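This is my_file.cif. It holds mmCIF, N, CA and C atoms.
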data_work
loop_
_atom_site.label_atom_id
_atom_site.label_comp_id
_atom_site.auth_asym_id
_atom_site.auth_seq_id
_atom_site.Cartn_x
_atom_site.Cartn_y
_atom_site.Cartn_z
N MET A 1 -135.84 -27.66 -127.59
CA MET A 1 -135.88 -28.98 -126.97
C MET A 1 -136.33 -28.82 -125.52
N ASP A 2 -137.40 -29.52 -125.16
CA ASP A 2 -137.95 -29.44 -123.81
C ASP A 2 -137.43 -30.61 -122.99
N ILE A 3 -136.77 -30.32 -121.86
CA ILE A 3 -136.26 -31.38 -121.00
C ILE A 3 -136.92 -31.32 -119.62
N THR A 4 -138.16 -30.94 -119.59
CA THR A 4 -138.92 -30.85 -118.35
C THR A 4 -139.08 -32.26 -117.76
N PRO A 5 -138.73 -32.44 -116.47
CA PRO A 5 -138.88 -33.76 -115.86
C PRO A 5 -140.35 -34.18 -115.78
N ASP A 6 -140.60 -35.45 -115.91
CA ASP A 6 -141.94 -36.01 -115.81
C ASP A 6 -142.23 -36.27 -114.33
N LYS A 7 -143.18 -35.52 -113.78
CA LYS A 7 -143.51 -35.59 -112.35
C LYS A 7 -143.86 -37.02 -111.93
N ASP A 8 -144.68 -37.70 -112.71
CA ASP A 8 -145.09 -39.06 -112.34
C ASP A 8 -143.91 -40.03 -112.31
N LYS A 9 -142.98 -39.87 -113.24
CA LYS A 9 -141.81 -40.75 -113.26
C LYS A 9 -140.89 -40.47 -112.08
N LEU A 10 -140.77 -39.21 -111.70
CA LEU A 10 -139.96 -38.89 -110.52
C LEU A 10 -140.58 -39.45 -109.25
N ILE A 11 -141.90 -39.38 -109.15
CA ILE A 11 -142.58 -39.95 -107.98
C ILE A 11 -142.40 -41.46 -107.96
N GLU A 12 -142.54 -42.09 -109.12
CA GLU A 12 -142.33 -43.54 -109.19
C GLU A 12 -140.90 -43.89 -108.78
N LEU A 13 -139.93 -43.15 -109.30
CA LEU A 13 -138.53 -43.39 -108.95
C LEU A 13 -138.30 -43.25 -107.45
N ALA A 14 -138.91 -42.25 -106.84
CA ALA A 14 -138.74 -42.01 -105.41
C ALA A 14 -139.28 -43.17 -104.56
N HIS A 15 -140.27 -43.89 -105.08
CA HIS A 15 -140.90 -44.97 -104.31
C HIS A 15 -140.49 -46.37 -104.75
N TYR A 16 -139.68 -46.46 -105.79
CA TYR A 16 -139.33 -47.77 -106.33
C TYR A 16 -138.30 -48.45 -105.45
N LYS A 17 -138.52 -49.75 -105.18
CA LYS A 17 -137.60 -50.52 -104.35
C LYS A 17 -136.90 -51.57 -105.20
N MET A 18 -135.69 -51.88 -104.81
CA MET A 18 -134.90 -52.89 -105.51
C MET A 18 -135.62 -54.24 -105.37
N PRO A 19 -135.90 -54.91 -106.50
CA PRO A 19 -136.70 -56.13 -106.45
C PRO A 19 -135.92 -57.42 -106.19
N PHE A 20 -134.58 -57.37 -106.15
CA PHE A 20 -133.82 -58.60 -105.99
C PHE A 20 -132.45 -58.31 -105.38
N GLY A 21 -131.76 -59.38 -105.03
CA GLY A 21 -130.37 -59.30 -104.60
C GLY A 21 -130.15 -58.84 -103.17
N LYS A 22 -128.92 -58.51 -102.90
CA LYS A 22 -128.47 -58.11 -101.56
C LYS A 22 -129.25 -56.93 -101.02
N PHE A 23 -129.69 -56.05 -101.90
CA PHE A 23 -130.38 -54.83 -101.47
C PHE A 23 -131.89 -54.88 -101.74
N LYS A 24 -132.42 -56.09 -101.88
CA LYS A 24 -133.85 -56.26 -102.14
C LYS A 24 -134.66 -55.53 -101.07
N GLY A 25 -135.66 -54.76 -101.54
CA GLY A 25 -136.55 -54.05 -100.63
C GLY A 25 -136.10 -52.63 -100.29
N ARG A 26 -134.88 -52.25 -100.66
CA ARG A 26 -134.41 -50.89 -100.39
C ARG A 26 -134.88 -49.95 -101.50
N TYR A 27 -135.21 -48.73 -101.10
CA TYR A 27 -135.50 -47.72 -102.10
C TYR A 27 -134.25 -47.53 -102.96
N LEU A 28 -134.45 -47.27 -104.24
CA LEU A 28 -133.30 -47.09 -105.13
C LEU A 28 -132.41 -45.94 -104.66
N VAL A 29 -133.00 -44.90 -104.11
CA VAL A 29 -132.20 -43.77 -103.63
C VAL A 29 -131.30 -44.18 -102.46
N ASP A 30 -131.64 -45.27 -101.76
CA ASP A 30 -130.84 -45.73 -100.63
C ASP A 30 -129.79 -46.76 -101.01
N LEU A 31 -129.71 -47.09 -102.30
CA LEU A 31 -128.67 -48.03 -102.73
C LEU A 31 -127.31 -47.35 -102.63
N PRO A 32 -126.28 -48.10 -102.24
CA PRO A 32 -124.94 -47.50 -102.17
C PRO A 32 -124.47 -47.08 -103.57
N GLU A 33 -123.82 -45.95 -103.63
CA GLU A 33 -123.34 -45.44 -104.92
C GLU A 33 -122.42 -46.45 -105.63
N PRO A 34 -121.51 -47.15 -104.91
CA PRO A 34 -120.65 -48.11 -105.61
C PRO A 34 -121.45 -49.22 -106.33
N TYR A 35 -122.59 -49.56 -105.80
CA TYR A 35 -123.46 -50.57 -106.44
C TYR A 35 -123.96 -50.03 -107.78
N LEU A 36 -124.36 -48.78 -107.81
CA LEU A 36 -124.83 -48.17 -109.06
C LEU A 36 -123.67 -47.96 -110.03
N VAL A 37 -122.50 -47.64 -109.51
CA VAL A 37 -121.32 -47.50 -110.36
C VAL A 37 -121.01 -48.85 -111.02
N TRP A 38 -121.14 -49.94 -110.26
CA TRP A 38 -120.90 -51.28 -110.80
C TRP A 38 -121.87 -51.55 -111.96
N PHE A 39 -123.15 -51.25 -111.77
CA PHE A 39 -124.12 -51.42 -112.85
C PHE A 39 -123.74 -50.56 -114.06
N ASN A 40 -123.29 -49.35 -113.80
CA ASN A 40 -122.92 -48.46 -114.89
C ASN A 40 -121.77 -49.05 -115.71
N ARG A 41 -120.83 -49.70 -115.04
CA ARG A 41 -119.70 -50.33 -115.74
C ARG A 41 -120.10 -51.61 -116.45
N LYS A 42 -120.90 -52.45 -115.79
CA LYS A 42 -121.25 -53.76 -116.32
C LYS A 42 -122.47 -53.75 -117.24
N GLY A 43 -123.30 -52.74 -117.07
CA GLY A 43 -124.53 -52.65 -117.87
C GLY A 43 -125.76 -52.75 -116.99
N PHE A 44 -126.68 -51.84 -117.21
CA PHE A 44 -127.93 -51.85 -116.46
C PHE A 44 -128.85 -52.90 -117.05
N PRO A 45 -129.74 -53.48 -116.25
CA PRO A 45 -130.69 -54.45 -116.80
C PRO A 45 -131.60 -53.78 -117.84
N ASP A 46 -132.20 -54.59 -118.66
CA ASP A 46 -133.16 -54.09 -119.64
C ASP A 46 -134.44 -53.67 -118.94
N GLY A 47 -135.20 -52.87 -119.62
CA GLY A 47 -136.55 -52.52 -119.16
C GLY A 47 -136.58 -51.42 -118.13
N LYS A 48 -137.71 -51.41 -117.42
CA LYS A 48 -138.02 -50.36 -116.46
C LYS A 48 -136.97 -50.26 -115.35
N LEU A 49 -136.59 -51.41 -114.78
CA LEU A 49 -135.62 -51.38 -113.69
C LEU A 49 -134.31 -50.77 -114.15
N GLY A 50 -133.84 -51.14 -115.32
CA GLY A 50 -132.60 -50.58 -115.84
C GLY A 50 -132.69 -49.08 -116.03
N PHE A 51 -133.82 -48.62 -116.56
CA PHE A 51 -134.03 -47.18 -116.74
C PHE A 51 -134.00 -46.45 -115.40
N LEU A 52 -134.67 -47.02 -114.39
CA LEU A 52 -134.72 -46.38 -113.08
C LEU A 52 -133.35 -46.40 -112.39
N LEU A 53 -132.62 -47.52 -112.51
CA LEU A 53 -131.28 -47.59 -111.91
C LEU A 53 -130.33 -46.60 -112.58
N LYS A 54 -130.41 -46.50 -113.90
CA LYS A 54 -129.56 -45.54 -114.61
C LYS A 54 -129.91 -44.10 -114.21
N SER A 55 -131.20 -43.83 -114.07
CA SER A 55 -131.63 -42.51 -113.62
C SER A 55 -131.09 -42.21 -112.23
N MET A 56 -131.18 -43.21 -111.34
CA MET A 56 -130.70 -43.02 -109.97
C MET A 56 -129.18 -42.84 -109.95
N PHE A 57 -128.48 -43.54 -110.82
CA PHE A 57 -127.03 -43.34 -110.93
C PHE A 57 -126.72 -41.88 -111.26
N GLU A 58 -127.40 -41.34 -112.24
CA GLU A 58 -127.18 -39.95 -112.65
C GLU A 58 -127.54 -38.98 -111.52
N ILE A 59 -128.61 -39.28 -110.81
CA ILE A 59 -129.04 -38.44 -109.69
C ILE A 59 -127.98 -38.44 -108.59
N LYS A 60 -127.46 -39.62 -108.26
CA LYS A 60 -126.45 -39.70 -107.21
C LYS A 60 -125.14 -39.03 -107.62
N VAL A 61 -124.72 -39.26 -108.86
CA VAL A 61 -123.48 -38.66 -109.35
C VAL A 61 -123.55 -37.14 -109.26
N ASN A 62 -124.75 -36.61 -109.46
CA ASN A 62 -124.92 -35.15 -109.43
C ASN A 62 -125.39 -34.62 -108.07
N GLY A 63 -125.40 -35.48 -107.06
CA GLY A 63 -125.72 -35.04 -105.70
C GLY A 63 -127.17 -34.61 -105.50
N LEU A 64 -128.09 -35.21 -106.23
CA LEU A 64 -129.49 -34.79 -106.17
C LEU A 64 -130.39 -35.71 -105.33
N GLU A 65 -129.80 -36.58 -104.52
CA GLU A 65 -130.61 -37.47 -103.69
C GLU A 65 -131.60 -36.73 -102.80
N PRO A 66 -131.24 -35.57 -102.24
CA PRO A 66 -132.23 -34.85 -101.41
C PRO A 66 -133.52 -34.53 -102.17
N LEU A 67 -133.42 -34.28 -103.45
CA LEU A 67 -134.61 -34.02 -104.26
C LEU A 67 -135.52 -35.26 -104.28
N ILE A 68 -134.96 -36.43 -104.46
CA ILE A 68 -135.75 -37.66 -104.51
C ILE A 68 -136.35 -37.95 -103.13
N ARG A 69 -135.59 -37.74 -102.08
CA ARG A 69 -136.11 -37.96 -100.72
C ARG A 69 -137.27 -36.99 -100.42
N LYS A 70 -137.15 -35.75 -100.89
CA LYS A 70 -138.23 -34.77 -100.69
C LYS A 70 -139.48 -35.18 -101.47
N ILE A 71 -139.29 -35.66 -102.68
CA ILE A 71 -140.43 -36.13 -103.47
C ILE A 71 -141.13 -37.27 -102.75
N ARG A 72 -140.35 -38.22 -102.22
CA ARG A 72 -140.95 -39.36 -101.50
C ARG A 72 -141.74 -38.88 -100.28
N LYS A 73 -141.23 -37.86 -99.60
CA LYS A 73 -141.91 -37.32 -98.43
C LYS A 73 -143.16 -36.53 -98.81
N ASP A 74 -143.04 -35.70 -99.84
CA ASP A 74 -144.15 -34.81 -100.24
C ASP A 74 -145.27 -35.54 -101.00
N PHE A 75 -144.94 -36.69 -101.59
CA PHE A 75 -145.94 -37.46 -102.35
C PHE A 75 -145.94 -38.89 -101.83
N PRO A 76 -146.50 -39.10 -100.63
CA PRO A 76 -146.53 -40.44 -100.05
C PRO A 76 -147.18 -41.45 -101.00
N GLU A 77 -146.64 -42.63 -100.99
CA GLU A 77 -147.10 -43.68 -101.92
C GLU A 77 -148.58 -44.01 -101.76
N ASN A 78 -149.06 -44.06 -100.54
CA ASN A 78 -150.46 -44.43 -100.31
C ASN A 78 -151.43 -43.32 -100.65
N LYS A 79 -150.94 -42.12 -100.95
CA LYS A 79 -151.84 -41.00 -101.26
C LYS A 79 -151.89 -40.70 -102.76
N ARG A 80 -151.23 -41.51 -103.57
CA ARG A 80 -151.23 -41.28 -105.01
C ARG A 80 -152.38 -41.99 -105.65
#

Rewritten as structure tokens:
Amino acid sequence: MDITPDKDKLIELAHYKMPFGKFKGRYLVDLPEPYLVWFNRKGFPDGKLGFLLKSMFEIKVNGLEPLIRKIRKDFPENKR
């Protein structure tokens, strides 16, 4: 079983911003962990946003935010 991360999806995750609500416009990696915990308890939205929020929840729970911040720095959005 191959669980190699998809580079393009990680780059997208690093640059994705919250599209609505109190944290509209913030990078998902900058969302407060309690906000993601709330989604985890109540249910993530359907579709792409839900997948990305769930992924970010797992990243934060495992302390991997520096990886996402490095990806955002090393792969600037305007250079993709």

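Distances here use all atoms listed in the file; by that measure, the residue among A:Lys7, A:Phe51, A:Lys70, A:Met56 closest to Val29 in chain A is A:Met56.
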
Just say which residues the PyMOL selection byres ((chain A and resi 11-24) around 6.5) picks in this file, as a PDB file with N, CA and C atoms, keeping the file's coordinate frame.
ATOM      1  N   ASP A   6    -140.600 -35.450-115.910  1.00  0.00           N
ATOM      2  CA  ASP A   6    -141.940 -36.010-115.810  1.00  0.00           C
ATOM      3  C   ASP A   6    -142.230 -36.270-114.330  1.00  0.00           C
ATOM      4  N   LYS A   7    -143.180 -35.520-113.780  1.00  0.00           N
ATOM      5  CA  LYS A   7    -143.510 -35.590-112.350  1.00  0.00           C
ATOM      6  C   LYS A   7    -143.860 -37.020-111.930  1.00  0.00           C
ATOM      7  N   ASP A   8    -144.680 -37.700-112.710  1.00  0.00           N
ATOM      8  CA  ASP A   8    -145.090 -39.060-112.340  1.00  0.00           C
ATOM      9  C   ASP A   8    -143.910 -40.030-112.310  1.00  0.00           C
ATOM     10  N   LYS A   9    -142.980 -39.870-113.240  1.00  0.00           N
ATOM     11  CA  LYS A   9    -141.810 -40.750-113.260  1.00  0.00           C
ATOM     12  C   LYS A   9    -140.890 -40.470-112.080  1.00  0.00           C
ATOM     13  N   LEU A  10    -140.770 -39.210-111.700  1.00  0.00           N
ATOM     14  CA  LEU A  10    -139.960 -38.890-110.520  1.00  0.00           C
ATOM     15  C   LEU A  10    -140.580 -39.450-109.250  1.00  0.00           C
ATOM     16  N   GLY A  25    -135.660 -54.760-101.540  1.00  0.00           N
ATOM     17  CA  GLY A  25    -136.550 -54.050-100.630  1.00  0.00           C
ATOM     18  C   GLY A  25    -136.100 -52.630-100.290  1.00  0.00           C
ATOM     19  N   ARG A  26    -134.880 -52.250-100.660  1.00  0.00           N
ATOM     20  CA  ARG A  26    -134.410 -50.890-100.390  1.00  0.00           C
ATOM     21  C   ARG A  26    -134.880 -49.950-101.500  1.00  0.00           C
ATOM     22  N   TYR A  27    -135.210 -48.730-101.100  1.00  0.00           N
ATOM     23  CA  TYR A  27    -135.500 -47.720-102.100  1.00  0.00           C
ATOM     24  C   TYR A  27    -134.250 -47.530-102.960  1.00  0.00           C
ATOM     25  N   LEU A  28    -134.450 -47.270-104.240  1.00  0.00           N
ATOM     26  CA  LEU A  28    -133.300 -47.090-105.130  1.00  0.00           C
ATOM     27  C   LEU A  28    -132.410 -45.940-104.660  1.00  0.00           C
ATOM     28  N   VAL A  29    -133.000 -44.900-104.110  1.00  0.00           N
ATOM     29  CA  VAL A  29    -132.200 -43.770-103.630  1.00  0.00           C
ATOM     30  C   VAL A  29    -131.300 -44.180-102.460  1.00  0.00           C
ATOM     31  N   LEU A  52    -134.670 -47.020-114.390  1.00  0.00           N
ATOM     32  CA  LEU A  52    -134.720 -46.380-113.080  1.00  0.00           C
ATOM     33  C   LEU A  52    -133.350 -46.400-112.390  1.00  0.00           C
ATOM     34  N   ILE A  68    -134.960 -36.430-104.460  1.00  0.00           N
ATOM     35  CA  ILE A  68    -135.750 -37.660-104.510  1.00  0.00           C
ATOM     36  C   ILE A  68    -136.350 -37.950-103.130  1.00  0.00           C
ATOM     37  N   ARG A  69    -135.590 -37.740-102.080  1.00  0.00           N
ATOM     38  CA  ARG A  69    -136.110 -37.960-100.720  1.00  0.00           C
ATOM     39  C   ARG A  69    -137.270 -36.990-100.420  1.00  0.00           C
ATOM     40  N   ILE A  71    -139.290 -35.660-102.680  1.00  0.00           N
ATOM     41  CA  ILE A  71    -140.430 -36.130-103.470  1.00  0.00           C
ATOM     42  C   ILE A  71    -141.130 -37.270-102.750  1.00  0.00           C
ATOM     43  N   ARG A  72    -140.350 -38.220-102.220  1.00  0.00           N
ATOM     44  CA  ARG A  72    -140.950 -39.360-101.500  1.00  0.00           C
ATOM     45  C   ARG A  72    -141.740 -38.880-100.280  1.00  0.00           C
TER      46      ARG A  72
END

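The space separating atom N of Lys42 in chain A from atom N of Lys54 in chain A comes to 11.4 Å.
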
Item to complete: Fewer than 5 positions away in the same chain doesn't count, so skip those; otherwise give me all residues within 12 Å of Glu58 in chain A, counting only C-alpha atoms, as a PyMOL selection string.
Response: chain A and resi 29+33+36-37+39-40+51-53+63-65

Output N, CA and C atoms of each residue in that selection to a file, as a tab-separated table (two decimals), keeping the file's coordinate frame.
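Resulting contents of selection.tsv:
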chain	number	residue	atom	x	y	z
A	29	VAL	N	-133.00	-44.90	-104.11
A	29	VAL	CA	-132.20	-43.77	-103.63
A	29	VAL	C	-131.30	-44.18	-102.46
A	33	GLU	N	-123.82	-45.95	-103.63
A	33	GLU	CA	-123.34	-45.44	-104.92
A	33	GLU	C	-122.42	-46.45	-105.63
A	36	LEU	N	-124.36	-48.78	-107.81
A	36	LEU	CA	-124.83	-48.17	-109.06
A	36	LEU	C	-123.67	-47.96	-110.03
A	37	VAL	N	-122.50	-47.64	-109.51
A	37	VAL	CA	-121.32	-47.50	-110.36
A	37	VAL	C	-121.01	-48.85	-111.02
A	39	PHE	N	-123.15	-51.25	-111.77
A	39	PHE	CA	-124.12	-51.42	-112.85
A	39	PHE	C	-123.74	-50.56	-114.06
A	40	ASN	N	-123.29	-49.35	-113.80
A	40	ASN	CA	-122.92	-48.46	-114.89
A	40	ASN	C	-121.77	-49.05	-115.71
A	51	PHE	N	-133.82	-48.62	-116.56
A	51	PHE	CA	-134.03	-47.18	-116.74
A	51	PHE	C	-134.00	-46.45	-115.40
A	52	LEU	N	-134.67	-47.02	-114.39
A	52	LEU	CA	-134.72	-46.38	-113.08
A	52	LEU	C	-133.35	-46.40	-112.39
A	53	LEU	N	-132.62	-47.52	-112.51
A	53	LEU	CA	-131.28	-47.59	-111.91
A	53	LEU	C	-130.33	-46.60	-112.58
A	63	GLY	N	-125.40	-35.48	-107.06
A	63	GLY	CA	-125.72	-35.04	-105.70
A	63	GLY	C	-127.17	-34.61	-105.50
A	64	LEU	N	-128.09	-35.21	-106.23
A	64	LEU	CA	-129.49	-34.79	-106.17
A	64	LEU	C	-130.39	-35.71	-105.33
A	65	GLU	N	-129.80	-36.58	-104.52
A	65	GLU	CA	-130.61	-37.47	-103.69
A	65	GLU	C	-131.60	-36.73	-102.80

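Separating atom C of Leu67 in chain A from CA of Leu31 in chain A is a distance of 14.6 Å.
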
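Picture a line from CA of Phe44 in chain A to CA of Asp30 in chain A; it runs 17.2 Å.
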
Item to complete: Could you please write out, as a PyMOL selection string, every residue of chain A that DSSP assigns to alpha helix (DSSP H)?
Response: chain A and resi 7-15+33-42+47-61+65-74
